[in-house]
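Colleague: Sharing entry_5.cif (mmCIF, C-alpha atoms) below.
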data_work
loop_
_atom_site.group_PDB
_atom_site.id
_atom_site.type_symbol
_atom_site.label_atom_id
_atom_site.label_comp_id
_atom_site.auth_asym_id
_atom_site.auth_seq_id
_atom_site.Cartn_x
_atom_site.Cartn_y
_atom_site.Cartn_z
ATOM 1 C CA MET A 1 -42.468 -233.892 25.726
ATOM 2 C CA ARG A 2 -42.712 -230.176 26.272
ATOM 3 C CA ILE A 3 -40.622 -227.307 24.964
ATOM 4 C CA ARG A 4 -39.421 -225.150 27.814
ATOM 5 C CA ASN A 5 -37.179 -222.905 25.748
ATOM 6 C CA LEU A 6 -39.281 -219.757 25.233
ATOM 7 C CA LEU A 7 -37.142 -218.684 22.266
ATOM 8 C CA ALA A 8 -38.135 -221.844 20.402
ATOM 9 C CA VAL A 9 -41.788 -221.344 21.325
ATOM 10 C CA THR A 10 -41.684 -217.783 19.980
ATOM 11 C CA MET A 11 -40.220 -218.995 16.692
ATOM 12 C CA LEU A 12 -42.908 -221.677 16.443
ATOM 13 C CA THR A 13 -45.578 -219.004 16.975
ATOM 14 C CA GLY A 14 -44.103 -216.958 14.141
ATOM 15 C CA ILE A 15 -43.982 -219.972 11.830
ATOM 16 C CA TYR A 16 -47.584 -220.785 12.750
ATOM 17 C CA SER A 17 -48.659 -217.251 11.794
ATOM 18 C CA LEU A 18 -46.846 -217.529 8.479
ATOM 19 C CA VAL A 19 -48.542 -220.845 7.695
ATOM 20 C CA VAL A 20 -51.940 -219.391 8.613
ATOM 21 C CA ALA A 21 -51.207 -216.424 6.337
ATOM 22 C CA VAL A 22 -50.558 -218.844 3.466
ATOM 23 C CA LEU A 23 -53.844 -220.549 4.312
ATOM 24 C CA PHE A 24 -55.645 -217.182 4.089
ATOM 25 C CA VAL A 25 -54.105 -216.563 0.650
ATOM 26 C CA LEU A 26 -55.301 -219.979 -0.512
ATOM 27 C CA MET A 27 -58.801 -219.074 0.698
ATOM 28 C CA ASP A 28 -58.731 -215.830 -1.339
ATOM 29 C CA ALA A 29 -58.384 -213.451 1.592
ATOM 30 C CA PRO A 30 -55.163 -211.557 0.764
ATOM 31 C CA ASP A 31 -56.094 -208.579 2.963
ATOM 32 C CA VAL A 32 -56.260 -210.788 6.054
ATOM 33 C CA ALA A 33 -53.158 -212.701 4.967
ATOM 34 C CA LEU A 34 -51.138 -209.487 4.722
ATOM 35 C CA THR A 35 -52.216 -208.504 8.232
ATOM 36 C CA GLU A 36 -51.506 -211.937 9.687
ATOM 37 C CA ALA A 37 -48.057 -212.135 8.111
ATOM 38 C CA ALA A 38 -47.054 -208.626 9.176
ATOM 39 C CA VAL A 39 -48.499 -208.708 12.698
ATOM 40 C CA GLY A 40 -48.273 -212.399 13.643
ATOM 41 C CA ALA A 41 -44.970 -213.303 12.036
ATOM 42 C CA GLY A 42 -43.403 -209.844 12.215
ATOM 43 C CA LEU A 43 -44.207 -207.415 14.967
ATOM 44 C CA MET A 44 -45.577 -209.877 17.521
ATOM 45 C CA VAL A 45 -42.457 -212.070 17.351
ATOM 46 C CA ILE A 46 -40.260 -209.003 17.834
ATOM 47 C CA LEU A 47 -42.274 -207.889 20.884
ATOM 48 C CA MET A 48 -42.117 -211.436 22.307
ATOM 49 C CA LEU A 49 -38.333 -211.476 21.799
ATOM 50 C CA GLY A 50 -38.158 -208.127 23.587
ATOM 51 C CA THR A 51 -40.129 -209.599 26.475
ATOM 52 C CA ILE A 52 -37.856 -212.649 26.615
ATOM 53 C CA ALA A 53 -34.811 -210.395 26.652
ATOM 54 C CA LEU A 54 -36.307 -208.550 29.626
ATOM 55 C CA THR A 55 -37.410 -211.631 31.562
ATOM 56 C CA THR A 56 -36.120 -215.167 31.071
ATOM 57 C CA ARG A 57 -35.412 -217.699 28.343
ATOM 58 C CA GLU A 58 -36.483 -220.841 30.122
ATOM 59 C CA GLU A 59 -39.866 -221.696 31.477
ATOM 60 C CA ARG A 60 -39.694 -222.642 35.143
ATOM 61 C CA ARG A 61 -40.522 -226.244 36.009
ATOM 62 C CA HIS A 62 -43.678 -226.774 37.995
ATOM 63 C CA SER A 63 -44.624 -230.018 39.647
ATOM 64 C CA MET A 64 -47.714 -231.114 37.732
ATOM 65 C CA ARG A 65 -50.383 -233.398 39.079
ATOM 66 C CA HIS A 66 -52.466 -235.234 36.517
ATOM 67 C CA ASN A 67 -56.031 -234.029 36.810
ATOM 68 C CA LEU A 68 -58.551 -236.503 35.407
ATOM 69 C CA LEU A 69 -61.489 -234.115 35.815
ATOM 70 C CA ALA A 70 -59.772 -231.523 33.618
ATOM 71 C CA LEU A 71 -59.251 -234.120 30.895
ATOM 72 C CA VAL A 72 -62.948 -235.058 30.980
ATOM 73 C CA VAL A 73 -64.045 -231.386 30.795
ATOM 74 C CA VAL A 74 -61.706 -230.707 27.863
ATOM 75 C CA ALA A 75 -62.890 -233.823 26.023
ATOM 76 C CA ILE A 76 -66.575 -232.922 26.456
ATOM 77 C CA THR A 77 -66.020 -229.310 25.375
ATOM 78 C CA GLY A 78 -64.048 -230.448 22.324
ATOM 79 C CA ALA A 79 -66.747 -232.935 21.359
ATOM 80 C CA ALA A 80 -69.426 -230.233 21.720
ATOM 81 C CA LEU A 81 -67.467 -227.855 19.491
ATOM 82 C CA ILE A 82 -66.950 -230.525 16.828
ATOM 83 C CA TYR A 83 -70.665 -231.357 16.995
ATOM 84 C CA ALA A 84 -71.443 -227.639 16.497
ATOM 85 C CA THR A 85 -69.327 -227.455 13.338
ATOM 86 C CA LEU A 86 -71.564 -230.109 11.730
ATOM 87 C CA ASP A 87 -74.300 -227.459 11.478
ATOM 88 C CA MET A 88 -72.085 -224.985 9.638
ATOM 89 C CA PRO A 89 -72.595 -224.512 5.884
ATOM 90 C CA ARG A 90 -69.978 -226.109 3.633
ATOM 91 C CA PHE A 91 -67.005 -223.973 2.607
ATOM 92 C CA GLY A 92 -67.968 -221.768 -0.342
ATOM 93 C CA ASP A 93 -71.657 -222.707 -0.175
ATOM 94 C CA PRO A 94 -73.550 -219.964 -2.089
ATOM 95 C CA GLU A 95 -76.646 -220.572 0.040
ATOM 96 C CA ALA A 96 -74.794 -219.911 3.324
ATOM 97 C CA PRO A 97 -76.517 -217.232 5.442
ATOM 98 C CA ALA A 98 -73.439 -214.994 5.219
ATOM 99 C CA HIS A 99 -73.718 -214.952 1.416
ATOM 100 C CA VAL A 100 -77.420 -214.209 0.978
ATOM 101 C CA HIS A 101 -78.072 -211.344 3.374
ATOM 102 C CA LEU A 102 -75.798 -208.304 2.820
ATOM 103 C CA SER A 103 -73.055 -209.697 0.590
ATOM 104 C CA PRO A 104 -75.002 -209.458 -2.693
ATOM 105 C CA ARG A 105 -75.568 -205.764 -2.115
ATOM 106 C CA PHE A 106 -71.904 -205.137 -1.290
ATOM 107 C CA THR A 107 -70.568 -207.158 -4.221
ATOM 108 C CA GLN A 108 -73.032 -205.852 -6.799
ATOM 109 C CA GLU A 109 -73.537 -202.229 -5.860
ATOM 110 C CA SER A 110 -70.397 -201.076 -4.041
ATOM 111 C CA PRO A 111 -68.321 -200.477 -7.228
ATOM 112 C CA GLU A 112 -71.090 -198.135 -8.449
ATOM 113 C CA GLU A 113 -71.745 -196.543 -5.095
ATOM 114 C CA ILE A 114 -68.204 -196.060 -3.771
ATOM 115 C CA GLY A 115 -66.264 -196.059 -7.012
ATOM 116 C CA ILE A 116 -63.370 -198.296 -5.964
ATOM 117 C CA PRO A 117 -62.854 -201.909 -7.002
ATOM 118 C CA ASN A 118 -61.567 -203.357 -3.693
ATOM 119 C CA MET A 119 -64.748 -204.286 -1.842
ATOM 120 C CA VAL A 120 -62.905 -205.125 1.355
ATOM 121 C CA THR A 121 -61.765 -201.525 1.533
ATOM 122 C CA SER A 122 -65.265 -200.230 0.720
ATOM 123 C CA VAL A 123 -66.810 -202.265 3.502
ATOM 124 C CA LEU A 124 -64.094 -201.483 6.027
ATOM 125 C CA ALA A 125 -63.729 -197.798 5.372
ATOM 126 C CA SER A 126 -67.151 -196.697 4.219
ATOM 127 C CA TYR A 127 -70.019 -199.053 5.117
ATOM 128 C CA ARG A 128 -68.422 -199.922 8.442
ATOM 129 C CA GLY A 129 -66.514 -196.701 8.967
ATOM 130 C CA ILE A 130 -67.519 -196.328 12.611
ATOM 131 C CA ASP A 131 -66.256 -199.858 13.345
ATOM 132 C CA THR A 132 -62.921 -198.963 11.809
ATOM 133 C CA LEU A 133 -62.764 -195.720 13.771
ATOM 134 C CA GLY A 134 -63.362 -197.800 16.901
ATOM 135 C CA GLU A 135 -60.530 -200.121 15.892
ATOM 136 C CA ALA A 136 -58.164 -197.205 15.411
ATOM 137 C CA VAL A 137 -59.103 -195.944 18.878
ATOM 138 C CA VAL A 138 -58.494 -199.428 20.330
ATOM 139 C CA VAL A 139 -55.045 -199.560 18.732
ATOM 140 C CA PHE A 140 -54.290 -196.130 20.191
ATOM 141 C CA ALA A 141 -55.578 -197.190 23.621
ATOM 142 C CA ALA A 142 -53.349 -200.289 23.520
ATOM 143 C CA ALA A 143 -50.324 -198.074 22.931
ATOM 144 C CA VAL A 144 -51.335 -195.820 25.826
ATOM 145 C CA GLY A 145 -51.638 -198.870 28.085
ATOM 146 C CA VAL A 146 -48.206 -200.213 27.147
ATOM 147 C CA LEU A 147 -46.653 -196.785 27.600
ATOM 148 C CA LEU A 148 -48.163 -196.497 31.069
ATOM 149 C CA VAL A 149 -46.765 -199.887 32.094
ATOM 150 C CA LEU A 150 -43.386 -199.984 30.328
ATOM 151 C CA GLY A 151 -42.511 -196.341 29.742
ATOM 152 C CA SER A 152 -41.552 -194.787 26.433
ATOM 153 C CA GLY A 153 -38.187 -196.559 26.059
ATOM 154 C CA SER A 154 -36.551 -193.312 25.025
ATOM 155 C CA VAL A 155 -32.770 -193.668 24.829
ATOM 156 C CA ARG A 156 -32.237 -189.940 25.289
ATOM 157 C CA GLY A 157 -34.524 -189.810 28.339
ATOM 158 C CA ARG A 158 -32.688 -192.772 29.873
ATOM 159 C CA LYS A 159 -29.323 -191.089 29.397
ATOM 160 C CA SER A 160 -30.456 -187.845 30.972
ATOM 161 C CA ARG A 161 -32.013 -189.787 33.869
ATOM 162 C CA ASP A 162 -28.760 -191.699 34.382
ATOM 163 C CA ALA A 163 -26.783 -188.447 34.321
ATOM 164 C CA ALA A 164 -29.158 -186.884 36.853
ATOM 165 C CA ARG A 165 -28.822 -189.933 39.110
ATOM 166 C CA ARG A 166 -25.023 -189.807 38.927
ATOM 167 C CA GLY A 167 -25.103 -186.072 39.653
ATOM 168 C CA ALA A 168 -27.328 -186.645 42.681
ATOM 169 C CA GLY A 169 -25.008 -189.442 43.832
ATOM 170 C CA ASP A 170 -21.980 -187.136 43.673
ATOM 171 C CA GLU A 171 -23.663 -184.472 45.771
ATOM 172 C CA GLY A 172 -24.759 -186.942 48.423
ATOM 173 C CA PRO A 173 -22.670 -187.652 51.528
ATOM 174 C CA MET B 1 -25.366 -207.883 14.133
ATOM 175 C CA ASN B 2 -22.265 -206.070 12.872
ATOM 176 C CA ARG B 3 -20.394 -209.336 12.430
ATOM 177 C CA TYR B 4 -22.810 -210.757 9.868
ATOM 178 C CA ILE B 5 -21.852 -208.868 6.736
ATOM 179 C CA VAL B 6 -24.277 -210.654 4.392
ATOM 180 C CA LEU B 7 -27.240 -210.054 6.690
ATOM 181 C CA ARG B 8 -26.215 -206.440 7.197
ATOM 182 C CA VAL B 9 -25.849 -205.598 3.502
ATOM 183 C CA ILE B 10 -28.994 -207.425 2.404
ATOM 184 C CA SER B 11 -31.096 -205.905 5.191
ATOM 185 C CA GLY B 12 -29.778 -202.461 4.315
ATOM 186 C CA LEU B 13 -30.905 -203.010 0.733
ATOM 187 C CA MET B 14 -34.292 -204.281 1.873
ATOM 188 C CA ILE B 15 -35.260 -201.325 4.076
ATOM 189 C CA PRO B 16 -36.083 -198.863 1.260
ATOM 190 C CA ILE B 17 -37.987 -201.585 -0.583
ATOM 191 C CA ILE B 18 -40.041 -202.395 2.519
ATOM 192 C CA LEU B 19 -40.803 -198.695 3.015
ATOM 193 C CA ILE B 20 -41.902 -198.263 -0.606
ATOM 194 C CA PHE B 21 -44.030 -201.388 -0.326
ATOM 195 C CA ALA B 22 -45.673 -199.867 2.781
ATOM 196 C CA PHE B 23 -46.595 -196.743 0.817
ATOM 197 C CA TYR B 24 -47.807 -198.875 -2.082
ATOM 198 C CA VAL B 25 -50.065 -200.870 0.242
ATOM 199 C CA GLN B 26 -51.278 -197.605 1.773
ATOM 200 C CA PHE B 27 -52.107 -195.664 -1.376
ATOM 201 C CA HIS B 28 -53.017 -198.546 -3.676
ATOM 202 C CA GLY B 29 -55.340 -200.084 -1.093
ATOM 203 C CA GLU B 30 -58.424 -199.179 -3.123
ATOM 204 C CA TYR B 31 -57.293 -201.363 -6.018
ATOM 205 C CA SER B 32 -55.248 -204.147 -4.446
ATOM 206 C CA PRO B 33 -55.262 -205.952 -1.111
ATOM 207 C CA GLY B 34 -54.204 -203.846 1.802
ATOM 208 C CA GLY B 35 -54.979 -200.560 3.410
ATOM 209 C CA GLY B 36 -53.927 -198.371 6.272
ATOM 210 C CA PHE B 37 -53.572 -201.115 8.860
ATOM 211 C CA GLN B 38 -51.342 -203.360 6.771
ATOM 212 C CA ALA B 39 -49.293 -200.420 5.508
ATOM 213 C CA GLY B 40 -48.689 -199.154 9.029
ATOM 214 C CA ILE B 41 -47.434 -202.520 10.227
ATOM 215 C CA VAL B 42 -45.149 -202.934 7.203
ATOM 216 C CA PHE B 43 -43.761 -199.438 7.841
ATOM 217 C CA THR B 44 -43.050 -200.417 11.449
ATOM 218 C CA ALA B 45 -41.356 -203.612 10.254
ATOM 219 C CA ALA B 46 -38.921 -201.532 8.175
ATOM 220 C CA PHE B 47 -38.009 -199.559 11.291
ATOM 221 C CA VAL B 48 -37.557 -202.738 13.303
ATOM 222 C CA VAL B 49 -35.050 -203.958 10.703
ATOM 223 C CA TYR B 50 -33.333 -200.561 10.801
ATOM 224 C CA THR B 51 -33.053 -200.811 14.594
ATOM 225 C CA LEU B 52 -31.587 -204.307 14.394
ATOM 226 C CA LEU B 53 -28.947 -202.980 11.992
ATOM 227 C CA TYR B 54 -27.997 -199.576 13.404
ATOM 228 C CA GLY B 55 -29.198 -199.687 16.999
ATOM 229 C CA LEU B 56 -32.050 -198.155 18.934
ATOM 230 C CA GLU B 57 -30.391 -194.767 19.299
ATOM 231 C CA ALA B 58 -30.129 -194.234 15.538
ATOM 232 C CA ALA B 59 -33.756 -195.261 15.051
ATOM 233 C CA GLN B 60 -34.909 -192.884 17.772
ATOM 234 C CA LYS B 61 -32.916 -190.120 16.118
ATOM 235 C CA ALA B 62 -34.894 -190.748 12.913
ATOM 236 C CA ILE B 63 -38.297 -190.870 14.641
ATOM 237 C CA PRO B 64 -38.155 -189.875 18.328
ATOM 238 C CA PRO B 65 -40.557 -191.720 20.657
ATOM 239 C CA GLU B 66 -42.305 -188.435 21.428
ATOM 240 C CA ALA B 67 -43.048 -187.956 17.718
ATOM 241 C CA ALA B 68 -44.408 -191.507 17.518
ATOM 242 C CA HIS B 69 -46.700 -190.830 20.496
ATOM 243 C CA ALA B 70 -47.991 -187.619 18.951
ATOM 244 C CA LEU B 71 -48.518 -189.252 15.543
ATOM 245 C CA SER B 72 -50.518 -192.125 17.021
ATOM 246 C CA ALA B 73 -53.002 -189.577 18.351
ATOM 247 C CA ILE B 74 -52.900 -187.466 15.179
ATOM 248 C CA GLY B 75 -53.938 -190.446 13.054
ATOM 249 C CA VAL B 76 -57.038 -191.138 15.144
ATOM 250 C CA LEU B 77 -57.887 -187.422 15.138
ATOM 251 C CA LEU B 78 -57.519 -187.289 11.347
ATOM 252 C CA PHE B 79 -59.954 -190.199 11.057
ATOM 253 C CA ALA B 80 -62.443 -188.522 13.394
ATOM 254 C CA ALA B 81 -61.975 -185.200 11.575
ATOM 255 C CA PHE B 82 -63.302 -186.802 8.384
ATOM 256 C CA GLY B 83 -66.306 -187.982 10.358
ATOM 257 C CA PHE B 84 -67.031 -184.545 11.771
ATOM 258 C CA ALA B 85 -66.353 -182.854 8.429
ATOM 259 C CA SER B 86 -69.094 -184.928 6.778
ATOM 260 C CA LEU B 87 -71.314 -184.244 9.796
ATOM 261 C CA PHE B 88 -70.916 -180.477 9.406
ATOM 262 C CA LEU B 89 -71.417 -180.641 5.618
ATOM 263 C CA GLY B 90 -74.901 -182.026 6.173
ATOM 264 C CA GLY B 91 -74.356 -185.783 6.047
ATOM 265 C CA ASN B 92 -74.192 -188.486 8.679
ATOM 266 C CA PHE B 93 -71.041 -189.175 10.697
ATOM 267 C CA LEU B 94 -68.434 -190.603 8.272
ATOM 268 C CA GLU B 95 -70.772 -190.249 5.274
ATOM 269 C CA TYR B 96 -68.044 -189.241 2.851
ATOM 270 C CA LYS B 97 -70.149 -188.547 -0.217
ATOM 271 C CA VAL B 98 -71.035 -185.066 1.045
ATOM 272 C CA LEU B 99 -67.343 -184.110 1.146
ATOM 273 C CA LEU B 100 -67.082 -183.478 -2.607
ATOM 274 C CA PRO B 101 -69.743 -182.497 -5.170
ATOM 275 C CA ASN B 102 -69.503 -185.880 -6.924
ATOM 276 C CA ASP B 103 -70.753 -188.755 -4.716
ATOM 277 C CA GLN B 104 -68.180 -191.309 -5.916
ATOM 278 C CA ALA B 105 -65.306 -188.844 -5.699
ATOM 279 C CA GLY B 106 -66.388 -187.901 -2.188
ATOM 280 C CA GLU B 107 -66.469 -191.535 -1.076
ATOM 281 C CA THR B 108 -63.035 -192.207 -2.570
ATOM 282 C CA PHE B 109 -61.610 -189.029 -1.030
ATOM 283 C CA GLY B 110 -62.997 -189.969 2.383
ATOM 284 C CA ILE B 111 -61.667 -193.519 2.168
ATOM 285 C CA ILE B 112 -58.177 -192.367 1.196
ATOM 286 C CA GLY B 113 -58.247 -189.868 4.057
ATOM 287 C CA ILE B 114 -59.332 -192.246 6.781
ATOM 288 C CA GLU B 115 -56.968 -194.966 5.502
ATOM 289 C CA LEU B 116 -54.169 -192.426 5.873
ATOM 290 C CA GLY B 117 -55.323 -191.785 9.432
ATOM 291 C CA VAL B 118 -55.372 -195.514 10.198
ATOM 292 C CA GLY B 119 -51.948 -195.952 8.587
ATOM 293 C CA ILE B 120 -50.383 -193.132 10.616
ATOM 294 C CA THR B 121 -51.897 -194.438 13.851
ATOM 295 C CA VAL B 122 -50.878 -198.063 13.295
ATOM 296 C CA ALA B 123 -47.339 -197.203 12.189
ATOM 297 C CA ALA B 124 -46.847 -194.843 15.131
ATOM 298 C CA VAL B 125 -48.394 -197.262 17.641
ATOM 299 C CA GLY B 126 -46.289 -200.156 16.338
ATOM 300 C CA LEU B 127 -43.199 -198.001 16.624
ATOM 301 C CA SER B 128 -44.057 -196.821 20.164
ATOM 302 C CA LEU B 129 -44.703 -200.403 21.281
ATOM 303 C CA PHE B 130 -41.399 -201.501 19.777
ATOM 304 C CA TYR B 131 -39.530 -198.598 21.427
ATOM 305 C CA SER B 132 -41.159 -199.398 24.785
ATOM 306 C CA PHE B 133 -40.090 -203.034 24.675
ATOM 307 C CA ALA B 134 -36.669 -202.508 23.095
ATOM 308 C CA GLY B 135 -35.713 -199.447 25.137
ATOM 309 C CA ARG B 136 -36.361 -200.978 28.538
ATOM 310 C CA ARG B 137 -33.545 -202.529 30.501
ATOM 311 C CA PRO B 138 -34.172 -205.574 32.678
ATOM 312 C CA ASP B 139 -34.693 -204.665 36.317
ATOM 313 C CA ALA B 140 -31.555 -205.558 38.209
#
Do you think you could lay out the structure here as structure tokens?
Modeller:
Amino acid sequence: MRIRNLLAVTMLTGIYSLVVAVLFVLMDAPDVALTEAAVGAGLMVILMLGTIALTTREERRHSMRHNLLALVVVAITGAALIYATLDMPRFGDPEAPAHVHLSPRFTQESPEEIGIPNMVTSVLASYRGIDTLGEAVVVFAAAVGVLLVLGSGSVRGRKSRDAARRGAGDEGP
Amino acid sequence: MNRYIVLRVISGLMIPIILIFAFYVQFHGEYSPGGGFQAGIVFTAAFVVYTLLYGLEAAQKAIPPEAAHALSAIGVLLFAAFGFASLFLGGNFLEYKVLLPNDQAGETFGIIGIELGVGITVAAVGLSLFYSFAGRRPDA
């Protein structure tokens, strides 16, 4: 059974994001949870709904042939990925590589060095400031790309364009 | 949405609270979860709700798309300005502790500044994206 109603799929995506956000809270990552809830369940769903309003609500039916080779490839890849997770350290393992290299310095010295208690902010804004600057530039570039493709969506601009078109139509033969 | 009186009234009450929460996330980000990125998105969400209630034209009267475009660049420039300011004061790029005489105060000042830049950029970009999608009519 497949859902072909894109509205339902969009809602499911939003619900999925919300559930993942709850999962992040349970794993003590409220910063990430806040982002996931606001972007995944909020803005992204709205943009998807805007896209659906502009295009179509129903996915078109394609005639699908069953491809055995694809199934085999997917099964092998999945098995390889599951095998790879066996090598990962257990959740919360203090001896995990991520917790012995730079983390002790950040957790022990950043309150002294930066003077603010939220270490996530210290790492993001100060230790990895150039990364964050790059992210801000990426966000800006994404907006420029969308503006180039879709236009600014200005209501006032649209009205004046419509008026100009009507004016030109009146003057024509 | 004008037919649904409960939704309309409750959403109207929620908008100021969402906006204040955005500013709280922005300026309390050093002590509690959050920061510029989250605050910007929450700010955008308040405007999305406002648009659903009062229409796109009213929202664009409050913040015109041109202003949103300019602000998305201004935020990035503000961020970079902090980097260059610390560069010209004798530190490395984005080394905030040279900004003020006290190292800790300088770091905190720099972080608040760049978080503000990130917040402005993200809020303005979110708003421009929303305007672009919502303001476009389907091609006939």
Colleague: Could you write out as a ChimeraX atom specification the residues of chain A within 9 Å of chain B, counting all atoms listed in the file?
Modeller: /A:29-32,34-35,38-39,42-43,46-48,50-51,53-55,112-122,125-127,129-130,132-133,135-137,139-140,142-144,146-147,150-156,158
Colleague: Just want the 12 Å neighbourhood of B:Tyr54, counted on all atoms listed in the file, with same-chain residues fewer than 6 positions away dropped. Output as an MDAnalysis selection string.
Modeller: chainID B and resid 1:2 8:9 11:12 15 47:48 60:62
Colleague: I'd like the interatomic distance between atom CA of A:Ala37 and atom CA of A:Leu18, to a tenth of an Å.
Modeller: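 Atom CA of A:Leu18 lies 5.5 Å from atom CA of A:Ala37.
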Colleague: For a test of reading the model, state the distance in Å between atom CA of A:Met11 and atom CA of A:Ile82, rounded to one decimal.
Modeller: 29.1 Å
Colleague: One decimal, in Å: what's the spacing between atom CA of B:Ala81 and atom CA of B:Ile120?
Modeller: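 Separation between atom CA of B:Ala81 and atom CA of B:Ile120: 14.1 Å.
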Colleague: When you count all atoms listed in the file, which of these residues is closest to A:Ser110: A:Leu124, A:Ala84, A:Ala21, A:Leu69?
Modeller: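 Distance minimum relative to A:Ser110 lands on A:Leu124.
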Colleague: Would you place a box with edges along x, y and z of the file around all atoms of stretch 56-71 of chain B listed there, add 4 Å to each of its six sides, and report the centre and edge lengths in Å to one decimal, as lines of an AutoDock Vina configuration file?
Modeller:
center_x = -39.3
center_y = -192.9
center_z = 17.2
size_x = 26.4
size_y = 18.5
size_z = 16.5
Colleague: From the list A:Gly14, A:Arg60, A:Phe91, A:Ile76, which residue is nearest A:Met27 when using only C-alpha atoms?
Modeller: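 Checking each candidate against A:Met27, we get A:Phe91 as the closest.
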Colleague: Report the residues retrieved by the PyMOL selection byres ((chain A and resi 10) around 10) from the displayed file, expressed as a list in words.
Modeller: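 Output from the PyMOL selection byres ((chain A and resi 10) around 10), applied to this file: Asn5, Leu6, Leu7, Ala8, Val9, Met11, Leu12, Thr13, Gly14, Ile15, Tyr16, Ala41, Met44, Val45, Ile46, Leu47, Met48, Leu49 and Ile52 of chain A.
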